[in-house]
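Source file: upload-v2.txt. Holds: compact mmCIF, C-alpha atoms.
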# COMPACT_ATOMS: atom_id res chain seq x y z
CA MET A 1 1.30 33.76 -42.56
CA THR A 2 -1.90 31.94 -41.66
CA THR A 3 -1.83 28.78 -39.57
CA HIS A 4 -4.80 26.45 -39.85
CA ILE A 5 -5.62 24.70 -36.55
CA GLU A 6 -7.62 21.52 -36.97
CA LYS A 7 -7.81 20.47 -33.31
CA ARG A 8 -9.62 22.21 -30.47
CA ILE A 9 -7.31 24.30 -28.26
CA VAL A 10 -7.48 23.01 -24.70
CA LYS A 11 -4.32 24.57 -23.26
CA TYR A 12 -1.74 27.14 -24.27
CA ARG A 13 1.56 28.58 -23.05
CA VAL A 14 3.36 31.79 -23.97
CA LEU A 15 6.82 31.05 -25.36
CA LYS A 16 9.35 33.70 -24.31
CA PRO A 17 12.49 34.59 -26.32
CA GLU A 18 14.76 33.14 -23.61
CA ASP A 19 12.86 29.86 -23.85
CA LYS A 20 13.68 29.65 -27.56
CA THR A 21 17.37 30.32 -26.85
CA ALA A 22 17.47 27.67 -24.13
CA ALA A 23 15.73 25.18 -26.37
CA LYS A 24 18.26 25.72 -29.15
CA SER A 25 21.29 25.36 -26.84
CA ALA A 26 19.99 22.29 -24.98
CA PRO A 27 21.13 18.97 -26.48
CA GLU A 28 18.31 16.90 -27.87
CA PRO A 29 17.84 13.49 -26.19
CA PRO A 30 18.27 10.44 -28.39
CA GLU A 31 15.03 9.58 -30.14
CA GLU A 32 13.35 6.29 -29.23
CA LEU A 33 11.08 4.67 -31.76
CA ALA A 34 8.12 2.46 -30.89
CA HIS A 35 7.16 -0.24 -33.36
CA SER A 36 3.55 -1.38 -33.48
CA PRO A 37 2.49 -4.89 -34.62
CA ASP A 38 1.13 -3.48 -37.90
CA GLY A 39 4.55 -2.12 -38.85
CA ARG A 40 4.01 1.53 -38.00
CA THR A 41 6.72 3.51 -36.23
CA ALA A 42 6.27 6.40 -33.81
CA LYS A 43 8.26 8.27 -31.20
CA VAL A 44 8.16 6.78 -27.70
CA ILE A 45 6.03 8.85 -25.31
CA ARG A 46 7.24 9.17 -21.73
CA MET A 47 5.08 10.40 -18.87
CA HIS A 48 5.38 14.18 -18.29
CA GLU A 49 3.15 17.05 -17.22
CA GLU A 50 2.50 18.22 -20.78
CA ILE A 51 0.45 15.11 -21.60
CA GLN A 52 -3.23 15.95 -21.81
CA ARG A 53 -5.82 13.85 -20.02
CA PRO A 54 -7.63 11.56 -22.48
CA GLU A 55 -11.39 11.11 -22.42
CA VAL A 56 -11.16 7.59 -20.95
CA LEU A 57 -8.76 6.27 -18.31
CA ILE A 58 -8.35 2.83 -16.77
CA GLY A 59 -9.20 2.87 -13.07
CA SER A 60 -8.91 0.61 -10.03
CA THR A 61 -10.77 1.19 -6.75
CA TYR A 62 -9.52 -0.04 -3.38
CA LYS A 63 -11.57 -0.16 -0.17
CA ILE A 64 -10.01 0.91 3.15
CA LYS A 65 -12.02 0.01 6.27
CA THR A 66 -10.38 1.01 9.53
CA PRO A 67 -11.53 0.50 13.14
CA VAL A 68 -10.98 4.22 13.83
CA SER A 69 -13.85 5.26 11.55
CA ASP A 70 -17.41 4.05 11.05
CA HIS A 71 -17.24 4.67 7.31
CA ALA A 72 -14.97 3.09 4.71
CA MET A 73 -12.73 5.01 2.32
CA TYR A 74 -12.64 4.19 -1.38
CA VAL A 75 -9.40 5.02 -3.19
CA THR A 76 -9.59 5.18 -6.99
CA ILE A 77 -6.38 5.38 -9.03
CA ASN A 78 -6.74 6.07 -12.75
CA ASP A 79 -3.98 5.07 -15.19
CA ILE A 80 -3.07 6.42 -18.60
CA VAL A 81 -1.83 4.01 -21.29
CA LEU A 82 1.26 5.26 -23.11
CA ASN A 83 2.42 3.95 -26.52
CA GLU A 84 -0.67 1.77 -26.80
CA GLY A 85 -0.32 -1.15 -29.19
CA THR A 86 3.49 -0.93 -29.38
CA GLU A 87 6.38 -2.75 -27.74
CA TYR A 88 6.74 0.22 -25.34
CA GLU A 89 3.15 0.12 -24.09
CA GLN A 90 2.92 0.86 -20.39
CA ARG A 91 0.41 1.97 -17.77
CA ARG A 92 1.26 4.93 -15.60
CA PRO A 93 -0.80 6.43 -12.73
CA PHE A 94 -2.41 9.70 -13.74
CA GLU A 95 -4.78 10.75 -10.94
CA VAL A 96 -6.18 9.58 -7.61
CA PHE A 97 -9.52 10.18 -5.88
CA ILE A 98 -10.68 9.33 -2.35
CA ASN A 99 -14.36 9.07 -1.48
CA SER A 100 -15.90 8.59 1.96
CA LYS A 101 -19.07 9.43 3.88
CA ASN A 102 -16.90 10.70 6.72
CA LEU A 103 -16.48 14.45 6.16
CA ASP A 104 -14.15 14.96 9.13
CA HIS A 105 -11.09 14.55 6.89
CA PHE A 106 -12.53 16.24 3.76
CA GLN A 107 -9.98 19.07 3.59
CA TRP A 108 -6.82 16.98 3.84
CA ILE A 109 -8.30 14.34 1.53
CA VAL A 110 -8.81 16.94 -1.23
CA ALA A 111 -5.37 18.46 -0.68
CA LEU A 112 -3.61 15.09 -0.59
CA THR A 113 -5.28 13.74 -3.73
CA ARG A 114 -4.40 16.89 -5.69
CA ILE A 115 -0.76 16.75 -4.63
CA ILE A 116 -0.43 13.02 -5.38
CA SER A 117 -2.12 13.48 -8.77
CA ALA A 118 0.29 16.33 -9.59
CA VAL A 119 3.26 14.10 -8.74
CA PHE A 120 1.82 11.33 -10.94
CA ARG A 121 1.54 13.71 -13.91
CA LYS A 122 5.12 14.91 -13.46
CA GLY A 123 6.30 11.47 -14.50
CA GLY A 124 9.52 9.79 -13.56
CA ASP A 125 9.90 7.51 -10.56
CA VAL A 126 6.89 8.12 -8.30
CA ALA A 127 7.64 5.15 -6.03
CA PHE A 128 9.09 7.51 -3.38
CA LEU A 129 5.50 8.47 -2.50
CA VAL A 130 4.99 5.00 -1.05
CA ASP A 131 7.80 5.35 1.50
CA GLU A 132 6.79 8.90 2.42
CA LEU A 133 3.15 7.95 3.09
CA LYS A 134 4.00 4.73 4.94
CA ALA A 135 6.23 6.72 7.31
CA VAL A 136 3.33 8.84 8.63
CA PHE A 137 2.31 7.93 12.20
CA ASP A 138 -0.90 8.93 13.93
CA PRO A 139 -0.11 10.63 17.30
CA ARG A 140 -3.23 8.96 18.76
CA GLY A 141 -1.86 5.53 17.84
CA GLY A 142 -2.43 3.21 14.91
CA TYR A 143 -4.62 0.15 14.56
CA TRP A 144 -4.43 -3.53 13.70
CA GLN A 145 -5.70 -4.86 10.39
CA PRO A 146 -7.46 -8.23 10.10
CA GLY A 147 -4.68 -10.80 9.89
CA GLY A 148 -2.44 -9.16 12.49
CA LYS A 149 -0.73 -6.38 10.51
CA PHE A 150 -0.20 -3.10 12.36
CA MET A 151 -1.02 0.10 10.49
CA PRO A 152 0.45 3.30 12.02
CA SER A 153 -2.11 5.64 10.39
CA ILE A 154 -4.75 5.99 7.68
CA ILE A 155 -2.18 7.85 5.54
CA ALA A 156 0.20 4.89 5.88
CA GLU A 157 -2.52 2.53 4.66
CA LEU A 158 -3.02 4.81 1.66
CA GLY A 159 0.70 4.34 0.98
CA TYR A 160 0.24 0.57 1.04
CA VAL A 161 -2.67 0.91 -1.41
CA ILE A 162 -0.55 2.94 -3.84
CA GLU A 163 2.29 0.43 -3.45
CA LYS A 164 -0.07 -2.43 -4.30
CA HIS A 165 -1.33 -0.56 -7.37
CA LEU A 166 2.17 0.26 -8.63
CA GLN A 167 3.10 -3.41 -8.25
CA THR A 168 -0.01 -4.39 -10.23
CA ILE A 169 0.86 -2.16 -13.20
CA GLY A 170 4.55 -3.14 -13.11
CA MET A 171 6.10 0.10 -11.79
CA MET A 172 7.29 -1.54 -8.57
CA ARG A 173 8.62 -5.01 -7.97
CA LYS A 174 7.13 -7.01 -5.14
CA VAL A 175 9.79 -7.77 -2.55
CA GLU A 176 9.99 -11.51 -1.97
CA LEU A 177 12.20 -13.70 0.19
CA ASP A 178 14.99 -15.59 -1.51
CA VAL A 179 15.33 -19.38 -1.34
CA HIS A 180 17.48 -19.38 1.81
CA GLN A 181 15.19 -16.94 3.65
CA LYS A 182 12.10 -18.98 2.74
CA LYS A 183 13.78 -22.16 3.98
CA LEU A 184 14.73 -20.49 7.28
CA VAL A 185 11.20 -19.17 7.80
CA GLU A 186 9.69 -22.60 7.10
CA GLU A 187 12.08 -24.24 9.57
CA LYS A 188 11.29 -21.70 12.29
CA ARG A 189 7.56 -22.05 11.66
CA ALA A 190 7.75 -25.86 11.91
CA GLU A 191 9.82 -25.57 15.09
CA PHE A 192 7.28 -23.23 16.68
CA GLU A 193 4.31 -25.41 15.71
CA ALA A 194 6.06 -28.53 17.07
CA ARG A 195 6.80 -26.71 20.33
CA ALA A 196 3.16 -25.63 20.62
CA ARG A 197 1.99 -29.22 20.17
CA GLN A 198 4.13 -30.47 23.08
CA GLN A 199 2.17 -30.95 26.28
CA ASP A 200 3.79 -30.49 29.67
CA ALA A 201 2.73 -33.04 32.23
CA PHE A 202 2.01 -30.19 34.65
CA ALA A 203 0.55 -27.81 32.06
CA LYS A 204 -3.03 -28.91 32.70
CA SER A 205 -4.41 -29.43 36.19
CA HIS A 206 -7.69 -30.89 37.34
CA PHE A 207 -7.55 -28.76 40.48
CA PRO A 208 -8.37 -25.06 40.97
CA ASP A 209 -5.83 -22.45 39.97
CA GLY A 210 -3.75 -21.20 42.89
CA ALA A 211 -3.95 -24.48 44.83
CA ALA A 212 -1.02 -25.07 47.21
CA LEU A 213 1.32 -28.07 47.16
CA CYS A 214 0.31 -30.99 49.35
CA SER A 215 3.12 -32.24 51.61
CA LYS A 216 1.70 -35.75 51.57
CA CYS A 217 1.04 -36.51 47.88
CA SER A 218 3.14 -33.68 46.39
CA THR A 219 0.23 -32.44 44.27
CA ALA A 220 -0.81 -28.81 43.87
CA ALA A 221 -4.31 -29.50 45.16
CA VAL A 222 -4.52 -27.95 48.64
CA VAL A 223 -7.34 -25.38 48.99
CA MET A 224 -9.17 -23.73 51.87
CA MET A 225 -12.41 -25.59 52.66
CA ASP A 226 -14.61 -24.82 55.66
CA GLY A 227 -11.80 -22.86 57.26
CA CYS A 228 -9.29 -25.73 56.88
CA MET A 229 -6.56 -26.44 54.32
CA THR A 230 -7.62 -29.65 52.55
CA CYS A 231 -5.99 -31.59 49.71
CA LEU A 232 -8.45 -32.38 46.93
CA ASN A 233 -6.21 -35.20 45.65
CA CYS A 234 -5.50 -37.33 48.72
CA GLY A 235 -7.88 -35.82 51.28
CA GLU A 236 -5.12 -34.73 53.65
CA SER A 237 -6.49 -32.06 56.01
CA LYS A 238 -4.85 -29.92 58.67
CA CYS A 239 -7.97 -30.29 60.75
CA GLY A 240 -7.68 -34.07 60.90
Just give me the structure of the file as structure tokens.
Amino acid sequence: MTTHIEKRIVKYRVLKPEDKTAAKSAPEPPEELAHSPDGRTAKVIRMHEEIQRPEVLIGSTYKIKTPVSDHAMYVTINDIVLNEGTEYEQRRPFEVFINSKNLDHFQWIVALTRIISAVFRKGGDVAFLVDELKAVFDPRGGYWQPGGKFMPSIIAELGYVIEKHLQTIGMMRKVELDVHQKKLVEEKRAEFEARARQQDAFAKSHFPDGAALCSKCSTAAVVMMDGCMTCLNCGESKCG
């Protein structure tokens, strides 16, 4: 029997007899149908490692500039669009690349991007990568980002970048404070700002720091002048 192949073969796999037996005995999952606006119906495609890379992917590039390196890192995450044009259309991360002029970290950058890309292509819930990367701490210490946020390592910042991307494409939900938490934060912020605006009568002094208290006028204005303790407020002097 001759089989006519119309598409170019890009990948193949040898099917063993035990694979056929396992496939027959395994229960088939319920079929999901995707309906396009033009009325066509097709089977819903979920992300898995058998999906071939299309010619064109949608990509987003994020810049990471840290104080521990003179050169910035550019993280590009490419997404594949599944069930395009149907009610089940969704973007899923497919691969990640990191580019930088700094070649000190070249080996682990290549290894890390390949592993993350492989996890992306496996499908399923890939959000666990975010927590794993954010939990990596640099033994030499982290650094502070502009705005006052502490970053424990470059790997942790990569985790925050992936988290931001997954939130953008709808795979992760951005954690927000509820109404009561927002109200509490606003009250505490207003209380702190009001406390900072209050001026203590003794907070500011017109006399040098470290001046001693004068026994005559009770003002912290006594300093050593010409070998004699003299009050700069009332002129009281131990030398007469």
query = Near Phe150 in chain A, within 12 Å and counting only C-alpha atoms, which residues show up once chain neighbours fewer than 3 positions away are dropped, as a list in words?
reply = Thr66, Pro67, Lys134, Phe137, Gly141, Gly142, Tyr143, Trp144, Gln145, Pro146, Gly147, Ser153, Ile154, Ala156, Glu157 and Tyr160 of chain A
inquiry  = I'd like the neighbourhood of Asp226 in chain A as a ChimeraX atom specification, where a residue qualifies if any of its atoms comes within 12 Å (using only C-alpha atoms), though same-chain residues fewer than 5 positions away should be ignored.
reply    = /A:237-239
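Distance-wise, CA of Val126 in chain A and CA of Lys164 in chain A end up 13.3 Å apart.
Proximity of A:Leu158, A:Leu232, A:Met47, A:Lys183 to Lys65 in chain A, computed with all atoms listed in the file, is greatest for A:Leu158.
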message = Using Å and a single decimal, report how far CA of Ser69 in chain A sits from CA of Asp104 in chain A.
response =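 So the answer is 10.0 Å.
With only C-alpha atoms as the atoms that count, the minimum distance from Met171 in chain A to the choices A:Ser218, A:Pro93, A:Ala190, A:Glu132 is reached by A:Pro93.
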message = Report as a ChimeraX atom specification all protein, DNA and RNA residues lying within 10 Å of Gln90 in chain A, evaluated on all atoms listed in the file, omitting residues in the same chain fewer than 2 positions from it.
response = /A:45-47,79-88,92,169-171
File of the preceding selection, C-alpha atoms, as a PDB file, in the frame of the given file:
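Contents of the output file again.pdb:
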ATOM      1  CA  ILE A  45       6.030   8.850 -25.310  1.00  0.00           C
ATOM      2  CA  ARG A  46       7.240   9.170 -21.730  1.00  0.00           C
ATOM      3  CA  MET A  47       5.080  10.400 -18.870  1.00  0.00           C
ATOM      4  CA  ASP A  79      -3.980   5.070 -15.190  1.00  0.00           C
ATOM      5  CA  ILE A  80      -3.070   6.420 -18.600  1.00  0.00           C
ATOM      6  CA  VAL A  81      -1.830   4.010 -21.290  1.00  0.00           C
ATOM      7  CA  LEU A  82       1.260   5.260 -23.110  1.00  0.00           C
ATOM      8  CA  ASN A  83       2.420   3.950 -26.520  1.00  0.00           C
ATOM      9  CA  GLU A  84      -0.670   1.770 -26.800  1.00  0.00           C
ATOM     10  CA  GLY A  85      -0.320  -1.150 -29.190  1.00  0.00           C
ATOM     11  CA  THR A  86       3.490  -0.930 -29.380  1.00  0.00           C
ATOM     12  CA  GLU A  87       6.380  -2.750 -27.740  1.00  0.00           C
ATOM     13  CA  TYR A  88       6.740   0.220 -25.340  1.00  0.00           C
ATOM     14  CA  ARG A  92       1.260   4.930 -15.600  1.00  0.00           C
ATOM     15  CA  ILE A 169       0.860  -2.160 -13.200  1.00  0.00           C
ATOM     16  CA  GLY A 170       4.550  -3.140 -13.110  1.00  0.00           C
ATOM     17  CA  MET A 171       6.100   0.100 -11.790  1.00  0.00           C
TER      18      MET A 171
END
task = To one decimal in Å, tell me the separation between CA of Ile109 in chain A and CA of Glu95 in chain A.
result = 13.4 Å
Using only C-alpha atoms, determine which residues lie at most 12 Å from Phe120 in chain A, disregarding the query and same-chain residues fewer than 4 positions distant; provide the list as a PDB file with C-alpha atoms, in the frame of the given file.
ATOM      1  CA  MET A  47       5.080  10.400 -18.870  1.00  0.00           C
ATOM      2  CA  HIS A  48       5.380  14.180 -18.290  1.00  0.00           C
ATOM      3  CA  GLU A  49       3.150  17.050 -17.220  1.00  0.00           C
ATOM      4  CA  ILE A  51       0.450  15.110 -21.600  1.00  0.00           C
ATOM      5  CA  ILE A  77      -6.380   5.380  -9.030  1.00  0.00           C
ATOM      6  CA  ASN A  78      -6.740   6.070 -12.750  1.00  0.00           C
ATOM      7  CA  ASP A  79      -3.980   5.070 -15.190  1.00  0.00           C
ATOM      8  CA  ILE A  80      -3.070   6.420 -18.600  1.00  0.00           C
ATOM      9  CA  ARG A  91       0.410   1.970 -17.770  1.00  0.00           C
ATOM     10  CA  ARG A  92       1.260   4.930 -15.600  1.00  0.00           C
ATOM     11  CA  PRO A  93      -0.800   6.430 -12.730  1.00  0.00           C
ATOM     12  CA  PHE A  94      -2.410   9.700 -13.740  1.00  0.00           C
ATOM     13  CA  GLU A  95      -4.780  10.750 -10.940  1.00  0.00           C
ATOM     14  CA  VAL A  96      -6.180   9.580  -7.610  1.00  0.00           C
ATOM     15  CA  THR A 113      -5.280  13.740  -3.730  1.00  0.00           C
ATOM     16  CA  ARG A 114      -4.400  16.890  -5.690  1.00  0.00           C
ATOM     17  CA  ILE A 115      -0.760  16.750  -4.630  1.00  0.00           C
ATOM     18  CA  ILE A 116      -0.430  13.020  -5.380  1.00  0.00           C
ATOM     19  CA  GLY A 124       9.520   9.790 -13.560  1.00  0.00           C
ATOM     20  CA  ASP A 125       9.900   7.510 -10.560  1.00  0.00           C
ATOM     21  CA  VAL A 126       6.890   8.120  -8.300  1.00  0.00           C
ATOM     22  CA  ALA A 127       7.640   5.150  -6.030  1.00  0.00           C
ATOM     23  CA  PHE A 128       9.090   7.510  -3.380  1.00  0.00           C
ATOM     24  CA  LEU A 129       5.500   8.470  -2.500  1.00  0.00           C
ATOM     25  CA  ILE A 162      -0.550   2.940  -3.840  1.00  0.00           C
ATOM     26  CA  LEU A 166       2.170   0.260  -8.630  1.00  0.00           C
TER      27      LEU A 166
END
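Remark: for Ile155 in chain A, the closest of the candidate residues A:His4, A:Lys188, A:His105, A:Lys122 is A:His105 (distances computed over only C-alpha atoms).
With only C-alpha atoms taken into account, every residue lying no more than 12 Å from the file point (-2.4, -25.7, 41.3) is included here: Phe202, Ala203, Lys204, Ser205, His206, Phe207, Pro208, Asp209, Gly210, Ala211, Ala212, Leu213, Cys214, Ser218, Thr219, Ala220, Ala221, Val222, Val223, Cys231, Leu232 and Asn233 of chain A.
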message = For a quick check of your reading of the model, name the residues lying within 12 Å of the coordinate (-14.7, 19.0, -26.4), counting only C-alpha atoms, and write them as a PyMOL selection string.
response = chain A and resi 7-10+54-55
ask   = A:Ile58, A:Ala111, A:Met224, A:Ile64: which is nearest Met151 in chain A, counting only C-alpha atoms?
value =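 Under the stated criterion, the closest residue is A:Ile64.
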With all atoms of range 136-148 of chain A from the file as input, state the centre and edge lengths in Å to one decimal of the axis-aligned box that has 5 Å extra on each side, as lines of an AutoDock Vina configuration file.
center_x = -2.1
center_y = -0.1
center_z = 13.7
size_x = 20.8
size_y = 31.4
size_z = 20.1
